[in-house]
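Asker: Below: one structure in structure tokens.
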Amino acid sequence: MSDAEHPFDRHMLEALICPQTHTTLHYDAEKQELVSKAANLAFPIRNGIPVMLVDEARQLD
């Protein structure tokens, strides 16, 4: 199943915070990631579900 079949529910942003810094996240629809500017990390969204594990996050440039 693709991410298009399971879109991310933007209302989840109200409840989610960065697990490392406890700050707000920003949704990157193009890359299907939740971005923590404070931690410089991007958390993947798989099948519409954010993977909020630091070990799974991508380090931002």
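Within each chain, counting starts at residue 1; across the structure tokens, chains are named A, B, ... in the order shown, with ligands numbered 1 upward in that order.
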Identify, on the basis of only C-alpha atoms, every residue whose closest approach to range 17-33 of chain A does not exceed 6 Å; exclude the query and any residue fewer than 2 positions from it along the same chain; express the result as a list of chain:residue names.
Answerer: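 My list of contacting residues is A:Val35, A:Ser36, A:Ala42, A:Phe43, A:Pro44, A:Ile45.
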Asker: May I have the selected residues written with N, CA and C atoms, as a PDB file, in the first residue's frame?
Answerer:
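The resulting part-v2.pdb:
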```
ATOM      1  N   VAL A  35       9.111  17.374  10.527  1.00  0.00           N
ATOM      2  CA  VAL A  35      10.418  17.993  10.717  1.00  0.00           C
ATOM      3  C   VAL A  35      10.485  18.703  12.062  1.00  0.00           C
ATOM      4  N   SER A  36      11.548  18.400  12.784  1.00  0.00           N
ATOM      5  CA  SER A  36      11.868  19.114  14.019  1.00  0.00           C
ATOM      6  C   SER A  36      13.038  20.030  13.709  1.00  0.00           C
ATOM      7  N   ALA A  42      14.248  14.823  10.690  1.00  0.00           N
ATOM      8  CA  ALA A  42      13.016  14.614   9.939  1.00  0.00           C
ATOM      9  C   ALA A  42      12.543  13.191  10.205  1.00  0.00           C
ATOM     10  N   PHE A  43      11.342  13.073  10.737  1.00  0.00           N
ATOM     11  CA  PHE A  43      10.767  11.777  11.072  1.00  0.00           C
ATOM     12  C   PHE A  43       9.893  11.299   9.913  1.00  0.00           C
ATOM     13  N   PRO A  44      10.091  10.068   9.448  1.00  0.00           N
ATOM     14  CA  PRO A  44       9.330   9.581   8.298  1.00  0.00           C
ATOM     15  C   PRO A  44       7.870   9.310   8.644  1.00  0.00           C
ATOM     16  N   ILE A  45       7.031   9.417   7.626  1.00  0.00           N
ATOM     17  CA  ILE A  45       5.630   9.033   7.741  1.00  0.00           C
ATOM     18  C   ILE A  45       5.449   7.834   6.824  1.00  0.00           C
TER      19      ILE A  45
END
```
Asker: Could you pull out the strand (DSSP E) residues of range 3-60 of chain A from DSSP and send them as an mmCIF file with N, CA and C atoms, in the first residue's frame?
Answerer:
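As written to disk, selection_20.cif reads:
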```cif
data_model
loop_
_atom_site.group_PDB
_atom_site.id
_atom_site.type_symbol
_atom_site.label_atom_id
_atom_site.label_comp_id
_atom_site.auth_asym_id
_atom_site.auth_seq_id
_atom_site.Cartn_x
_atom_site.Cartn_y
_atom_site.Cartn_z
ATOM 1 N N HIS A 26 6.859 20.274 12.061
ATOM 2 C CA HIS A 26 6.292 20.834 10.839
ATOM 3 C C HIS A 26 6.163 19.721 9.814
ATOM 4 N N TYR A 27 5.043 19.716 9.097
ATOM 5 C CA TYR A 27 4.756 18.668 8.123
ATOM 6 C C TYR A 27 5.337 19.030 6.768
ATOM 7 N N ASP A 28 6.158 18.152 6.207
ATOM 8 C CA ASP A 28 6.694 18.296 4.853
ATOM 9 C C ASP A 28 5.946 17.294 3.983
ATOM 10 N N GLU A 33 7.362 13.706 5.715
ATOM 11 C CA GLU A 33 8.134 13.708 6.952
ATOM 12 C C GLU A 33 7.589 14.761 7.908
ATOM 13 N N LEU A 34 7.812 14.525 9.187
ATOM 14 C CA LEU A 34 7.574 15.539 10.204
ATOM 15 C C LEU A 34 8.939 16.064 10.611
ATOM 16 N N VAL A 35 9.111 17.374 10.527
ATOM 17 C CA VAL A 35 10.418 17.993 10.717
ATOM 18 C C VAL A 35 10.485 18.703 12.062
ATOM 19 N N SER A 36 11.548 18.400 12.784
ATOM 20 C CA SER A 36 11.868 19.114 14.019
ATOM 21 C C SER A 36 13.038 20.030 13.709
ATOM 22 N N LEU A 41 16.041 17.182 12.748
ATOM 23 C CA LEU A 41 15.682 15.826 12.362
ATOM 24 C C LEU A 41 14.384 15.820 11.571
ATOM 25 N N ALA A 42 14.248 14.823 10.690
ATOM 26 C CA ALA A 42 13.016 14.614 9.939
ATOM 27 C C ALA A 42 12.543 13.191 10.205
ATOM 28 N N PHE A 43 11.342 13.073 10.737
ATOM 29 C CA PHE A 43 10.767 11.777 11.072
ATOM 30 C C PHE A 43 9.893 11.299 9.913
ATOM 31 N N PRO A 44 10.091 10.068 9.448
ATOM 32 C CA PRO A 44 9.330 9.581 8.298
ATOM 33 C C PRO A 44 7.870 9.310 8.644
ATOM 34 N N ILE A 45 7.031 9.417 7.626
ATOM 35 C CA ILE A 45 5.630 9.033 7.741
ATOM 36 C C ILE A 45 5.449 7.834 6.824
ATOM 37 N N ARG A 46 5.050 6.703 7.394
ATOM 38 C CA ARG A 46 4.877 5.471 6.625
ATOM 39 C C ARG A 46 3.431 5.015 6.724
ATOM 40 N N ILE A 49 1.323 6.958 9.029
ATOM 41 C CA ILE A 49 1.650 6.921 10.454
ATOM 42 C C ILE A 49 3.053 7.478 10.677
ATOM 43 N N PRO A 50 3.185 8.517 11.495
ATOM 44 C CA PRO A 50 4.513 9.062 11.787
ATOM 45 C C PRO A 50 5.337 8.079 12.624
ATOM 46 N N ARG A 58 15.820 11.110 9.971
ATOM 47 C CA ARG A 58 16.875 11.518 9.044
ATOM 48 C C ARG A 58 17.462 12.830 9.547
ATOM 49 N N GLN A 59 18.780 12.899 9.595
ATOM 50 C CA GLN A 59 19.469 14.135 9.993
ATOM 51 C C GLN A 59 19.346 15.145 8.854
#
```
Asker: If you measure from CA of Lys37 in chain A to CA of Asp61 in chain A, what distance in Å do you get, rounded to one decimal?
Answerer: 10.9 Å
Asker: Quick one: distance from CA of Ala57 in chain A to CA of Ala39 in chain A in Å, one decimal?
Answerer: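 Between these atoms lies a distance of 10.3 Å.
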Asker: When you draw a straight line from CA of Ala15 in chain A to CA of Gly48 in chain A, how long is it in Å?
Answerer: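 Going from CA of Ala15 in chain A over to CA of Gly48 in chain A covers 15.2 Å.
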